[in-house]
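Presented below is the structure to which this report refers.
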Amino acid sequence: MRVCVIGTGYVGLVTGVCLAHIGHQVICVDNNKEKIALMQSGESPIYEPGLEEIMRSTMVAGKLNFTKNINNAIANSQILFIAVGTPALPTGDSDIRYVEAVARSIGLAISGEYKVIVNKSTVPIGSGDWVRQIINSEIVKRQLDNIPQFDVVSNPEFLREGSAIHDTFNPDRIVIGGSSDQAISLMKELYQPIVDRKIPAIDFLGQLSPQTVPLVMTDLNSAETIKYAANSFLATKISFINEVANICDKVGADITQVAQGIGLDSRIGNKFLQSGIGWGGSCFPKDVSALIHTAADYGYDAQLLKSAVKVNTNQRVLVIDKLQQVLKILKGKTIGLLGLTFKPNTNDLRDAPTIDLIEELTRLGAKVKAYDPLIQSIYHHPILSTIDLENNAIDLAKDCDALVLVTDWQEFKSWNYTQLAKIMNNPLIIDGRNHLDIDTLAAAGFYYIGIGRRAPENSLVAKRVQRDAKKTITKVA
Ligand code: NAD
Ligand code: UDX
């Protein structure tokens with residue numbers, strides 16, 4: 001099938017590359033000329049494991065092309081994906097001006113055969129009808145004799161950054177919202193190889209499940225709501241476990257054991273129960289805010305979602321309290337951050353918890369150093385100009401008063417912490433993702449503090465806490 005994908009970010013580029021890999025003829029469009037030139041030369045503008053290899057192989061096979069000429073791409077395709085960004089406005093609502101611009105471009109260029117317009121971007125509920133209206137209004141202005149025929153469907157995306165290729169070829173479900181039989185039938189044909197798990201071999205993909213992928217067919221509004229509800233549920237689940245972790249800190253329980261104990265209940269499930277410094281990224285924060293905002297537009301106060309956001313906002317700077325408990329004054333102290341991105345295996349810093357943490361540490365007068373395997377230049381984000389970016393563990397740890405693990409990169413597990421403890425001013429580590437082994441860190445000479453995790457009895461932290469507790473008891477007596 002001939003497919004046009006408009007917007008080549010995390011979702012658009014991955015969608016285009018994966019559809020080309022299963023045999024479709026794909027043209028990807030972007031209005032960013034530099035990005036198009038880069039992709040035409042076989043380079044991906046984003047880091048996503050495996051993406052560049054498949055991108056190059058499908059380009060060589062003649063299945064994937066890139067252009068900034070949106071008109072030709074629209075005219076020559078049967079299926080048009082809208083995959084542009086829908087960032088949050090300061091009000092919490094979604095900024096849908098990029099979707100609107102693309103809808104207008106489609107209305108201006110659409111001609112010839114019947115087309116399916118696919119809303120892949122996460123758009124406010126009701127946007128399917130709104131996109132149809134914009135396209136129609138542009139068509140009417142053209143006063144054509146032959147009115148182009150099209151339908152709009154919603155096909156929300158559930159891929160995760162860092163495992164986007166895997167998720168696209170291994171989805172838990174594919175959701176298609178719409179009312180036109182013709183459009184739905186074309187969408188089914190498009191996804192058939194994925195539904196049947198007939199994916200041309202890729203080394204890193206591993207064994208695919210033998211079961212076919214469930215297709216969930218809904219009306220437009222329900223498909224759009226599914227996307228917001230899924231992300232809001234997952235974000236709320238993380239805020240829940242973070243809240244329990246904070247209670248664990250008070251009562252002396254261990255959240256990793258608690259998460260295991262509740263996660264084995266199949267009604268709860270063991271995924272998304274990793275406590276830490278909170279959720280970030282380009283989707284959860286904006287999608288939860290957008291659902292709260294939509295609810296308010298219809299007179300409903302989404303109290304549970306508001307609480308999930310509140311817990312998350314506090315969680316991002318909880319590390320500051322933990323640092324202050326040990327170091328007291330942070331002014332003049334040096335704090336080294338392990339990781340910057342909102343999660344591992346991506347170089348995306350959009351709405352990463354680190355940004356709030358850096359702002360707060362800097363406000364309190366601390367000097368911030370950071371190391372991230374994929375962030376080696378301050379041009380990734382304006383906040384990086386306020387810190388020292390380091391290239392390795394030694395440079396990061398040198399003269400630090402504390403380390404804070406922000407992103408659960410695999411490589412942090414294999415660092416030589418005994419060596420790092422020796423070059424720090426104070427061997428304190430706050431593990432903001434409960435990612436490291438407590439006993440290894442204690443044996444390396446670190447004061448280890450996790451999020452809702454019990455420090456081992458023989459650790460320096462425990463001794464210190466016991467000593468402080470004894471002093472308080474003596475005073476009271
Ligand atoms: P992105 O910002 O990475 O990419 C958007 C791309 O669209 C950019 O390359 C931009 O240059 C291009 N663009 C903007 N206006 C254009 C126009 N008029 N014509 C052509 N190109 C244009 O965005 P993203 O992270 O890929 O997200 C896209 C959508 O998918 C959003 O609605 C997002 O909420 C949703 N989504 C994202 C993810 C994710 O993990 N990033 C997952 C699921 C859903
Ligand atoms: C999310 C959704 O998972 C995906 O379905 C949707 O398409 C886009 O939004 P993504 O933002 O790429 O994907 O990452 P995800 O793995 O969901 O993590 C989001 C945030 O939650 C990260 O900051 C991560 O560190 C945090 N997280 C995740 C936790 O704190 N604990 C967990 O148990 C899981």
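Each chain of the structure tokens is named A, B, ... in the order shown, its residues numbered from 1; ligands are numbered from 1 in display order.
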
May I have a table of the residues of chain A lying at most 9 Å from ligand 2, giving each one's closest pair of atoms and their distance in Å to one decimal, counting only C-alpha atoms and all ligand atoms, ordered by chain and ascending residue number, as a tab-separated table?
residue	atom	partner	partner_atom_place_in_ligand_line	distance
A:Val11	CA	ligand 2	7 (O)	8.7
A:Pro156	CA	ligand 2	7 (O)	8.2
A:Glu157	CA	ligand 2	7 (O)	5.4
A:Phe158	CA	ligand 2	7 (O)	3.2
A:Leu159	CA	ligand 2	7 (O)	4.1
A:Arg160	CA	ligand 2	12 (O)	3.4
A:Glu161	CA	ligand 2	12 (O)	3.7
A:Gly162	CA	ligand 2	12 (O)	6.7
A:Ser163	CA	ligand 2	12 (O)	7.9
A:Ala164	CA	ligand 2	12 (O)	7.9
A:Asp167	CA	ligand 2	5 (O)	8.8
A:Lys227	CA	ligand 2	7 (O)	8.1
A:Ala230	CA	ligand 2	5 (O)	7.3
A:Asn231	CA	ligand 2	2 (C)	5.9
A:Leu234	CA	ligand 2	3 (O)	7.1
A:Ala235	CA	ligand 2	21 (O)	6.8
A:Lys237	CA	ligand 2	33 (O)	8.1
A:Ile238	CA	ligand 2	31 (N)	5.4
A:Ser239	CA	ligand 2	30 (O)	8.1
A:Ile241	CA	ligand 2	33 (O)	8.3
A:Asn242	CA	ligand 2	30 (O)	8.2
A:Asn270	CA	ligand 2	33 (O)	8.8
A:Lys271	CA	ligand 2	33 (O)	6.2
A:Phe272	CA	ligand 2	33 (O)	3.1
A:Leu273	CA	ligand 2	33 (O)	4.2
A:Gln274	CA	ligand 2	33 (O)	3.6
A:Ser275	CA	ligand 2	31 (N)	5.6
A:Gly276	CA	ligand 2	30 (O)	5.6
A:Ile277	CA	ligand 2	30 (O)	6.6
A:Gly278	CA	ligand 2	30 (O)	4.8
A:Trp279	CA	ligand 2	21 (O)	3.8
A:Gly280	CA	ligand 2	23 (O)	4.0
A:Gly281	CA	ligand 2	11 (O)	4.9
A:Ser282	CA	ligand 2	11 (O)	6.1
A:Cys283	CA	ligand 2	9 (O)	4.6
A:Phe284	CA	ligand 2	9 (O)	5.6
A:Pro285	CA	ligand 2	11 (O)	8.9
A:Asp287	CA	ligand 2	9 (O)	8.6
A:Thr341	CA	ligand 2	23 (O)	8.2
A:Phe342	CA	ligand 2	23 (O)	4.5
A:Lys343	CA	ligand 2	25 (O)	4.5
A:Pro344	CA	ligand 2	25 (O)	7.7
A:Thr346	CA	ligand 2	12 (O)	8.6
A:Asp351	CA	ligand 2	23 (O)	8.7
A:Ala352	CA	ligand 2	23 (O)	6.7
A:Pro353	CA	ligand 2	23 (O)	7.3
A:Val406	CA	ligand 2	25 (O)	8.8
A:Thr407	CA	ligand 2	25 (O)	7.0
A:Asp408	CA	ligand 2	25 (O)	7.6
A:Arg433	CA	ligand 2	30 (O)	7.4

**Item:** Backbone-only DSSP, helix (DSSP H, G or I) members of stretch 24-196 of chain A, as a ChimeraX atom specification
**Value:** /A:33-40,51-60,70-75,97-109,127-141,164-169,181-195

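For the residues A:Pro214, A:Gly339, A:Gly432, A:Pro373, ranking by smallest atom-to-atom distance to A:Arg316 using only C-alpha atoms places A:Gly432 first.
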
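As for atom CA of A:Asp219 and atom CA of A:Ser185, they are spaced 14.5 Å apart.
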
For ligand 1, return the neighbouring residues as a PDB file with N, CA, C and O atoms, in the first residue's frame (distance at most 6 Å; only C-alpha atoms and all ligand atoms).
ATOM      1  N   ILE A   6       3.174  12.099   7.874  1.00  0.00           N
ATOM      2  CA  ILE A   6       3.503  13.529   7.993  1.00  0.00           C
ATOM      3  C   ILE A   6       3.949  13.820   9.435  1.00  0.00           C
ATOM      4  O   ILE A   6       3.184  13.637  10.380  1.00  0.00           O
ATOM      5  N   GLY A   7       5.223  14.260   9.555  1.00  0.00           N
ATOM      6  CA  GLY A   7       5.841  14.451  10.875  1.00  0.00           C
ATOM      7  C   GLY A   7       6.739  13.256  11.156  1.00  0.00           C
ATOM      8  O   GLY A   7       6.261  12.120  11.277  1.00  0.00           O
ATOM      9  N   THR A   8       8.047  13.507  11.200  1.00  0.00           N
ATOM     10  CA  THR A   8       8.986  12.375  11.370  1.00  0.00           C
ATOM     11  C   THR A   8       9.716  12.470  12.704  1.00  0.00           C
ATOM     12  O   THR A   8      10.942  12.473  12.759  1.00  0.00           O
ATOM     13  N   GLY A   9       8.947  12.559  13.783  1.00  0.00           N
ATOM     14  CA  GLY A   9       9.542  12.520  15.129  1.00  0.00           C
ATOM     15  C   GLY A   9       9.602  11.073  15.592  1.00  0.00           C
ATOM     16  O   GLY A   9       9.683  10.146  14.781  1.00  0.00           O
ATOM     17  N   TYR A  10       9.546  10.875  16.902  1.00  0.00           N
ATOM     18  CA  TYR A  10       9.636   9.527  17.473  1.00  0.00           C
ATOM     19  C   TYR A  10       8.557   8.617  16.885  1.00  0.00           C
ATOM     20  O   TYR A  10       8.824   7.475  16.533  1.00  0.00           O
ATOM     21  N   VAL A  11       7.335   9.146  16.786  1.00  0.00           N
ATOM     22  CA  VAL A  11       6.238   8.297  16.324  1.00  0.00           C
ATOM     23  C   VAL A  11       6.226   8.184  14.802  1.00  0.00           C
ATOM     24  O   VAL A  11       6.155   7.083  14.246  1.00  0.00           O
ATOM     25  N   GLY A  12       6.321   9.319  14.112  1.00  0.00           N
ATOM     26  CA  GLY A  12       6.216   9.303  12.652  1.00  0.00           C
ATOM     27  C   GLY A  12       7.332   8.511  11.990  1.00  0.00           C
ATOM     28  O   GLY A  12       7.085   7.673  11.107  1.00  0.00           O
ATOM     29  N   VAL A  29       7.190  12.777   5.389  1.00  0.00           N
ATOM     30  CA  VAL A  29       7.262  14.216   5.134  1.00  0.00           C
ATOM     31  C   VAL A  29       7.560  14.946   6.441  1.00  0.00           C
ATOM     32  O   VAL A  29       7.011  14.594   7.491  1.00  0.00           O
ATOM     33  N   ASP A  30       8.409  15.960   6.361  1.00  0.00           N
ATOM     34  CA  ASP A  30       8.598  16.837   7.513  1.00  0.00           C
ATOM     35  C   ASP A  30       8.840  18.249   6.990  1.00  0.00           C
ATOM     36  O   ASP A  30       9.360  18.427   5.878  1.00  0.00           O
ATOM     37  N   ASN A  31       8.435  19.248   7.792  1.00  0.00           N
ATOM     38  CA  ASN A  31       8.693  20.620   7.344  1.00  0.00           C
ATOM     39  C   ASN A  31      10.033  21.151   7.863  1.00  0.00           C
ATOM     40  O   ASN A  31      10.370  22.303   7.665  1.00  0.00           O
ATOM     41  N   ASN A  32      10.792  20.275   8.515  1.00  0.00           N
ATOM     42  CA  ASN A  32      12.131  20.650   8.975  1.00  0.00           C
ATOM     43  C   ASN A  32      13.148  20.155   7.928  1.00  0.00           C
ATOM     44  O   ASN A  32      13.420  18.954   7.821  1.00  0.00           O
ATOM     45  N   ALA A  83       1.289  12.639  12.173  1.00  0.00           N
ATOM     46  CA  ALA A  83       2.105  12.216  13.333  1.00  0.00           C
ATOM     47  C   ALA A  83       2.936  13.381  13.856  1.00  0.00           C
ATOM     48  O   ALA A  83       4.070  13.204  14.293  1.00  0.00           O
ATOM     49  N   VAL A  84       2.344  14.576  13.811  1.00  0.00           N
ATOM     50  CA  VAL A  84       3.074  15.755  14.310  1.00  0.00           C
ATOM     51  C   VAL A  84       2.880  15.880  15.823  1.00  0.00           C
ATOM     52  O   VAL A  84       2.017  15.231  16.409  1.00  0.00           O
ATOM     53  N   GLY A  85       3.678  16.737  16.450  1.00  0.00           N
ATOM     54  CA  GLY A  85       3.626  16.885  17.905  1.00  0.00           C
ATOM     55  C   GLY A  85       2.349  17.577  18.377  1.00  0.00           C
ATOM     56  O   GLY A  85       1.736  18.365  17.640  1.00  0.00           O
ATOM     57  N   THR A  86       1.946  17.257  19.617  1.00  0.00           N
ATOM     58  CA  THR A  86       0.811  17.934  20.256  1.00  0.00           C
ATOM     59  C   THR A  86       1.250  18.291  21.686  1.00  0.00           C
ATOM     60  O   THR A  86       0.722  17.739  22.658  1.00  0.00           O
ATOM     61  N   TYR A  98      -0.173  22.214  15.120  1.00  0.00           N
ATOM     62  CA  TYR A  98       0.567  21.470  14.079  1.00  0.00           C
ATOM     63  C   TYR A  98      -0.376  20.502  13.362  1.00  0.00           C
ATOM     64  O   TYR A  98      -0.283  20.308  12.154  1.00  0.00           O
ATOM     65  N   ALA A 101      -2.400  22.581  10.986  1.00  0.00           N
ATOM     66  CA  ALA A 101      -1.647  22.960   9.773  1.00  0.00           C
ATOM     67  C   ALA A 101      -1.585  21.795   8.789  1.00  0.00           C
ATOM     68  O   ALA A 101      -1.759  21.985   7.568  1.00  0.00           O
ATOM     69  N   VAL A 102      -1.392  20.588   9.327  1.00  0.00           N
ATOM     70  CA  VAL A 102      -1.322  19.418   8.435  1.00  0.00           C
ATOM     71  C   VAL A 102      -2.691  19.158   7.809  1.00  0.00           C
ATOM     72  O   VAL A 102      -2.794  18.879   6.593  1.00  0.00           O
ATOM     73  N   SER A 121      -1.183  11.170  15.853  1.00  0.00           N
ATOM     74  CA  SER A 121      -0.854  12.066  16.967  1.00  0.00           C
ATOM     75  C   SER A 121      -1.866  11.858  18.088  1.00  0.00           C
ATOM     76  O   SER A 121      -3.021  11.505  17.828  1.00  0.00           O
ATOM     77  N   THR A 122      -1.423  12.086  19.332  1.00  0.00           N
ATOM     78  CA  THR A 122      -2.365  12.043  20.457  1.00  0.00           C
ATOM     79  C   THR A 122      -3.111  13.369  20.469  1.00  0.00           C
ATOM     80  O   THR A 122      -2.509  14.426  20.702  1.00  0.00           O
ATOM     81  N   GLU A 157      -1.181   5.687  19.198  1.00  0.00           N
ATOM     82  CA  GLU A 157       0.110   4.992  19.256  1.00  0.00           C
ATOM     83  C   GLU A 157       0.478   4.699  20.707  1.00  0.00           C
ATOM     84  O   GLU A 157       0.343   5.564  21.560  1.00  0.00           O
ATOM     85  N   PHE A 158       0.961   3.468  20.958  1.00  0.00           N
ATOM     86  CA  PHE A 158       1.308   3.082  22.332  1.00  0.00           C
ATOM     87  C   PHE A 158       2.784   2.740  22.496  1.00  0.00           C
ATOM     88  O   PHE A 158       3.179   2.185  23.519  1.00  0.00           O
ATOM     89  N   LEU A 159       3.623   3.065  21.474  1.00  0.00           N
ATOM     90  CA  LEU A 159       5.049   2.710  21.586  1.00  0.00           C
ATOM     91  C   LEU A 159       5.709   3.475  22.729  1.00  0.00           C
ATOM     92  O   LEU A 159       5.280   4.571  23.104  1.00  0.00           O
ATOM     93  N   ARG A 160       6.749   2.851  23.281  1.00  0.00           N
ATOM     94  CA  ARG A 160       7.560   3.515  24.314  1.00  0.00           C
ATOM     95  C   ARG A 160       8.888   3.906  23.701  1.00  0.00           C
ATOM     96  O   ARG A 160       9.467   3.136  22.915  1.00  0.00           O
ATOM     97  N   GLU A 161       9.382   5.071  24.053  1.00  0.00           N
ATOM     98  CA  GLU A 161      10.713   5.451  23.572  1.00  0.00           C
ATOM     99  C   GLU A 161      11.734   4.479  24.165  1.00  0.00           C
ATOM    100  O   GLU A 161      11.577   4.002  25.290  1.00  0.00           O
ATOM    101  N   SER A 282       7.773  12.858  27.073  1.00  0.00           N
ATOM    102  CA  SER A 282       6.956  13.713  26.212  1.00  0.00           C
ATOM    103  C   SER A 282       5.488  13.334  26.252  1.00  0.00           C
ATOM    104  O   SER A 282       4.660  14.018  25.663  1.00  0.00           O
ATOM    105  N   CYS A 283       5.132  12.226  26.926  1.00  0.00           N
ATOM    106  CA  CYS A 283       3.729  11.780  26.864  1.00  0.00           C
ATOM    107  C   CYS A 283       2.973  11.844  28.191  1.00  0.00           C
ATOM    108  O   CYS A 283       1.951  12.516  28.271  1.00  0.00           O
TER     109      CYS A 283
END

Per-residue nearest contacts of stretch 309-420 of chain A to stretch 243-252 of chain A (10 Å; only C-alpha atoms) as a tab-separated table:
residue	atom	partner	partner_atom	distance
A:Val311	CA	A:Glu243	CA	7.0
A:Asn312	CA	A:Glu243	CA	9.1
A:Gln315	CA	A:Glu243	CA	8.7
A:Leu318	CA	A:Asn246	CA	9.4

Would you put the residues from that selection into a file with N, CA and C atoms, as an mmCIF file, in the first residue's frame?
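See out-v8.cif below for the written result:
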data_model
loop_
_atom_site.group_PDB
_atom_site.id
_atom_site.type_symbol
_atom_site.label_atom_id
_atom_site.label_comp_id
_atom_site.auth_asym_id
_atom_site.auth_seq_id
_atom_site.Cartn_x
_atom_site.Cartn_y
_atom_site.Cartn_z
ATOM 1 N N VAL A 311 1.367 14.000 43.347
ATOM 2 C CA VAL A 311 2.349 13.054 43.910
ATOM 3 C C VAL A 311 3.614 13.100 43.046
ATOM 4 N N ASN A 312 3.428 13.142 41.727
ATOM 5 C CA ASN A 312 4.589 13.120 40.820
ATOM 6 C C ASN A 312 5.428 14.391 40.943
ATOM 7 N N GLN A 315 7.405 14.088 44.001
ATOM 8 C CA GLN A 315 8.370 12.985 43.912
ATOM 9 C C GLN A 315 9.658 13.426 43.218
ATOM 10 N N LEU A 318 11.868 14.995 45.799
ATOM 11 C CA LEU A 318 11.997 14.261 47.066
ATOM 12 C C LEU A 318 13.473 14.030 47.407
#

**Request:** Find the residues around A:Val118 up to 12 Å (only C-alpha atoms counted), leave out those fewer than 4 positions away in its own chain, and share them as number ranges by chain.
**Result:** A: 3-6, 12, 15, 78-84, 99, 102-103, 106, 122-123, 127-129, 131-132, 150-157, 175-178, 183-184, 186-187, 190, 220, 223-224

**Message:** Set the distance at 8 Å and use only C-alpha atoms: which residues neighbour A:Ile292 once local chain neighbours fewer than 3 positions away are removed? I'd like the list as an NGL selection string.
**Reply:** :A and (288-289 or 295-296 or 301-302 or 305-306)

Export, as a PDB file, in the first residue's frame, the selected residues with N, CA, C and O atoms.
ATOM      1  N   VAL A 288      -1.755  13.309  30.755  1.00  0.00           N
ATOM      2  CA  VAL A 288      -2.568  13.350  31.990  1.00  0.00           C
ATOM      3  C   VAL A 288      -3.171  14.760  32.141  1.00  0.00           C
ATOM      4  O   VAL A 288      -4.365  14.910  32.414  1.00  0.00           O
ATOM      5  N   SER A 289      -2.345  15.783  31.880  1.00  0.00           N
ATOM      6  CA  SER A 289      -2.854  17.165  31.979  1.00  0.00           C
ATOM      7  C   SER A 289      -3.980  17.395  30.979  1.00  0.00           C
ATOM      8  O   SER A 289      -4.984  18.042  31.296  1.00  0.00           O
ATOM      9  N   ALA A 295     -11.675  16.951  30.913  1.00  0.00           N
ATOM     10  CA  ALA A 295     -12.728  16.684  31.908  1.00  0.00           C
ATOM     11  C   ALA A 295     -13.307  18.008  32.413  1.00  0.00           C
ATOM     12  O   ALA A 295     -14.535  18.179  32.481  1.00  0.00           O
ATOM     13  N   ALA A 296     -12.401  18.962  32.720  1.00  0.00           N
ATOM     14  CA  ALA A 296     -12.855  20.258  33.246  1.00  0.00           C
ATOM     15  C   ALA A 296     -13.730  20.987  32.217  1.00  0.00           C
ATOM     16  O   ALA A 296     -14.731  21.619  32.572  1.00  0.00           O
ATOM     17  N   ASP A 301     -14.466  17.318  37.564  1.00  0.00           N
ATOM     18  CA  ASP A 301     -13.211  17.548  38.272  1.00  0.00           C
ATOM     19  C   ASP A 301     -12.489  16.198  38.438  1.00  0.00           C
ATOM     20  O   ASP A 301     -12.914  15.366  39.240  1.00  0.00           O
ATOM     21  N   ALA A 302     -11.417  15.986  37.648  1.00  0.00           N
ATOM     22  CA  ALA A 302     -10.721  14.679  37.656  1.00  0.00           C
ATOM     23  C   ALA A 302      -9.768  14.604  38.845  1.00  0.00           C
ATOM     24  O   ALA A 302      -8.546  14.743  38.704  1.00  0.00           O
ATOM     25  N   LEU A 305      -6.757  11.983  38.960  1.00  0.00           N
ATOM     26  CA  LEU A 305      -5.654  12.338  38.051  1.00  0.00           C
ATOM     27  C   LEU A 305      -4.874  13.541  38.594  1.00  0.00           C
ATOM     28  O   LEU A 305      -3.645  13.588  38.502  1.00  0.00           O
ATOM     29  N   LYS A 306      -5.600  14.487  39.183  1.00  0.00           N
ATOM     30  CA  LYS A 306      -4.914  15.657  39.773  1.00  0.00           C
ATOM     31  C   LYS A 306      -3.983  15.203  40.895  1.00  0.00           C
ATOM     32  O   LYS A 306      -2.871  15.713  41.048  1.00  0.00           O
TER      33      LYS A 306
END

**Item:** strand (DSSP E or B) call set, DSSP backbone run, stretch 144-378 of chain A, as a ChimeraX atom specification
**Value:** /A:150-154,174-177,215-218,334-338,367-372,375

Can you list, as a PDB file with N, CA and C atoms, in the first residue's frame, every protein, DNA or RNA residue that comes within 10 Å of A:Gly50 when you count only C-alpha atoms, leaving out same-chain residues fewer than 5 positions away?
ATOM      1  N   MET A  55      15.915   1.652   8.945  1.00  0.00           N
ATOM      2  CA  MET A  55      15.692   2.817   8.067  1.00  0.00           C
ATOM      3  C   MET A  55      16.561   2.681   6.808  1.00  0.00           C
ATOM      4  N   GLY A 162      12.753   4.200  23.371  1.00  0.00           N
ATOM      5  CA  GLY A 162      13.776   3.264  23.833  1.00  0.00           C
ATOM      6  C   GLY A 162      13.481   1.833  23.434  1.00  0.00           C
ATOM      7  N   SER A 163      12.202   1.530  23.164  1.00  0.00           N
ATOM      8  CA  SER A 163      11.862   0.184  22.665  1.00  0.00           C
ATOM      9  C   SER A 163      10.783   0.326  21.584  1.00  0.00           C
ATOM     10  N   ALA A 164      10.875   1.422  20.837  1.00  0.00           N
ATOM     11  CA  ALA A 164       9.812   1.780  19.891  1.00  0.00           C
ATOM     12  C   ALA A 164       9.661   0.765  18.749  1.00  0.00           C
ATOM     13  N   ILE A 165      10.778   0.240  18.251  1.00  0.00           N
ATOM     14  CA  ILE A 165      10.689  -0.722  17.137  1.00  0.00           C
ATOM     15  C   ILE A 165      10.063  -2.017  17.655  1.00  0.00           C
ATOM     16  N   HIS A 166      10.555  -2.465  18.789  1.00  0.00           N
ATOM     17  CA  HIS A 166      10.007  -3.686  19.401  1.00  0.00           C
ATOM     18  C   HIS A 166       8.502  -3.521  19.628  1.00  0.00           C
ATOM     19  N   ILE A 202      14.425  -9.557  11.973  1.00  0.00           N
ATOM     20  CA  ILE A 202      15.352  -8.523  12.452  1.00  0.00           C
ATOM     21  C   ILE A 202      16.049  -9.157  13.657  1.00  0.00           C
ATOM     22  N   ASP A 203      17.389  -9.053  13.690  1.00  0.00           N
ATOM     23  CA  ASP A 203      18.177  -9.726  14.734  1.00  0.00           C
ATOM     24  C   ASP A 203      17.671  -9.460  16.141  1.00  0.00           C
ATOM     25  N   PHE A 204      17.509  -8.168  16.490  1.00  0.00           N
ATOM     26  CA  PHE A 204      17.278  -7.828  17.899  1.00  0.00           C
ATOM     27  C   PHE A 204      15.829  -8.026  18.348  1.00  0.00           C
ATOM     28  N   LEU A 205      14.937  -8.380  17.394  1.00  0.00           N
ATOM     29  CA  LEU A 205      13.524  -8.445  17.747  1.00  0.00           C
ATOM     30  C   LEU A 205      13.186  -9.664  18.600  1.00  0.00           C
TER      31      LEU A 205
END

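Checking A:Leu361, A:Asp399, A:Leu340, A:Leu323 one by one against A:Gln376, counting only C-alpha atoms, you find the shortest gap at A:Leu340.
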
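Of note, atom CA of A:Leu420 and atom CA of A:Lys398 are spaced 7.5 Å apart.
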
**Request:** With a distance cut-off of 12 Å and only C-alpha atoms, select the neighbouring residues of A:Pro382, excluding the residue or stretch itself and same-chain residues fewer than 4 positions from it, and output the selection as an MDAnalysis selection string.
**Result:** chainID A and resid 349:350 355 358:359 377:378 386:387

Output C-alpha atoms for every residue in the selection just made, as an mmCIF file, in the first residue's frame.
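Generated output (part06.cif):
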data_model
loop_
_atom_site.group_PDB
_atom_site.id
_atom_site.type_symbol
_atom_site.label_atom_id
_atom_site.label_comp_id
_atom_site.auth_asym_id
_atom_site.auth_seq_id
_atom_site.Cartn_x
_atom_site.Cartn_y
_atom_site.Cartn_z
ATOM 1 C CA LEU A 349 14.961 15.138 27.735
ATOM 2 C CA ARG A 350 11.406 16.375 27.244
ATOM 3 C CA ILE A 355 15.073 19.326 34.836
ATOM 4 C CA ILE A 358 18.602 20.656 38.505
ATOM 5 C CA GLU A 359 16.494 23.814 38.903
ATOM 6 C CA SER A 377 26.376 18.220 24.500
ATOM 7 C CA ILE A 378 24.696 21.099 26.299
ATOM 8 C CA THR A 386 23.819 25.644 34.042
ATOM 9 C CA ILE A 387 25.652 22.411 34.946
#

Excluding stretch 135-138 of chain A and any residue of its chain fewer than 5 positions from it, enumerate the residues within 10 Å of it, using only C-alpha atoms, and give them as a short mmCIF file (atom, residue, chain, number, x, y, z; two decimals) with N, CA, C and O atoms, in the first residue's frame.
data_model
loop_
_atom_site.label_atom_id
_atom_site.label_comp_id
_atom_site.auth_asym_id
_atom_site.auth_seq_id
_atom_site.Cartn_x
_atom_site.Cartn_y
_atom_site.Cartn_z
N GLU A 100 -3.56 21.02 13.01
CA GLU A 100 -4.41 21.87 12.19
C GLU A 100 -3.70 22.23 10.88
O GLU A 100 -4.29 22.16 9.80
N VAL A 102 -1.39 20.59 9.33
CA VAL A 102 -1.32 19.42 8.43
C VAL A 102 -2.69 19.16 7.81
O VAL A 102 -2.79 18.88 6.59
N ALA A 103 -3.76 19.27 8.60
CA ALA A 103 -5.11 19.05 8.06
C ALA A 103 -5.37 20.04 6.93
O ALA A 103 -5.93 19.67 5.88
N ARG A 104 -4.94 21.29 7.10
CA ARG A 104 -5.15 22.29 6.03
C ARG A 104 -4.34 21.89 4.79
O ARG A 104 -4.84 21.99 3.66
N SER A 105 -3.09 21.44 5.00
CA SER A 105 -2.27 21.02 3.85
C SER A 105 -2.95 19.87 3.10
O SER A 105 -2.93 19.83 1.87
N ILE A 106 -3.56 18.96 3.87
CA ILE A 106 -4.24 17.82 3.22
C ILE A 106 -5.42 18.34 2.41
O ILE A 106 -5.61 17.97 1.24
N GLY A 107 -6.19 19.25 3.00
CA GLY A 107 -7.35 19.82 2.29
C GLY A 107 -6.95 20.54 1.02
O GLY A 107 -7.67 20.51 0.01
N LEU A 108 -5.77 21.15 1.02
CA LEU A 108 -5.29 21.90 -0.15
C LEU A 108 -4.75 20.99 -1.24
O LEU A 108 -4.80 21.33 -2.42
N ALA A 109 -4.25 19.80 -0.86
CA ALA A 109 -3.54 18.96 -1.83
C ALA A 109 -4.26 17.68 -2.21
O ALA A 109 -3.92 17.05 -3.21
N ILE A 110 -5.27 17.31 -1.44
CA ILE A 110 -5.91 16.01 -1.66
C ILE A 110 -6.58 15.97 -3.04
O ILE A 110 -7.22 16.93 -3.46
N ILE A 117 -7.36 9.25 6.19
CA ILE A 117 -6.53 10.16 6.99
C ILE A 117 -6.47 9.56 8.40
O ILE A 117 -7.52 9.36 9.03
N TRP A 130 -13.05 17.17 14.02
CA TRP A 130 -12.47 18.51 13.79
C TRP A 130 -11.51 18.48 12.58
O TRP A 130 -11.56 19.37 11.72
N GLN A 143 -13.23 24.82 -4.97
CA GLN A 143 -14.33 24.77 -5.95
C GLN A 143 -14.04 23.74 -7.06
O GLN A 143 -14.03 24.05 -8.25
N ILE A 147 -15.09 16.19 -6.17
CA ILE A 147 -14.74 16.35 -4.75
C ILE A 147 -13.95 15.12 -4.29
O ILE A 147 -14.44 13.99 -4.42
N PRO A 148 -12.74 15.31 -3.76
CA PRO A 148 -11.96 14.16 -3.29
C PRO A 148 -12.68 13.45 -2.13
O PRO A 148 -13.26 14.11 -1.27
N GLN A 149 -12.62 12.14 -2.13
CA GLN A 149 -13.29 11.34 -1.10
C GLN A 149 -12.26 10.89 -0.05
O GLN A 149 -11.17 10.45 -0.41
N PHE A 150 -12.64 11.01 1.21
CA PHE A 150 -11.72 10.57 2.28
C PHE A 150 -12.51 10.28 3.55
O PHE A 150 -13.66 10.72 3.70
N VAL A 152 -11.67 9.96 8.02
CA VAL A 152 -10.69 10.14 9.09
C VAL A 152 -10.85 8.99 10.09
O VAL A 152 -11.98 8.67 10.48
#
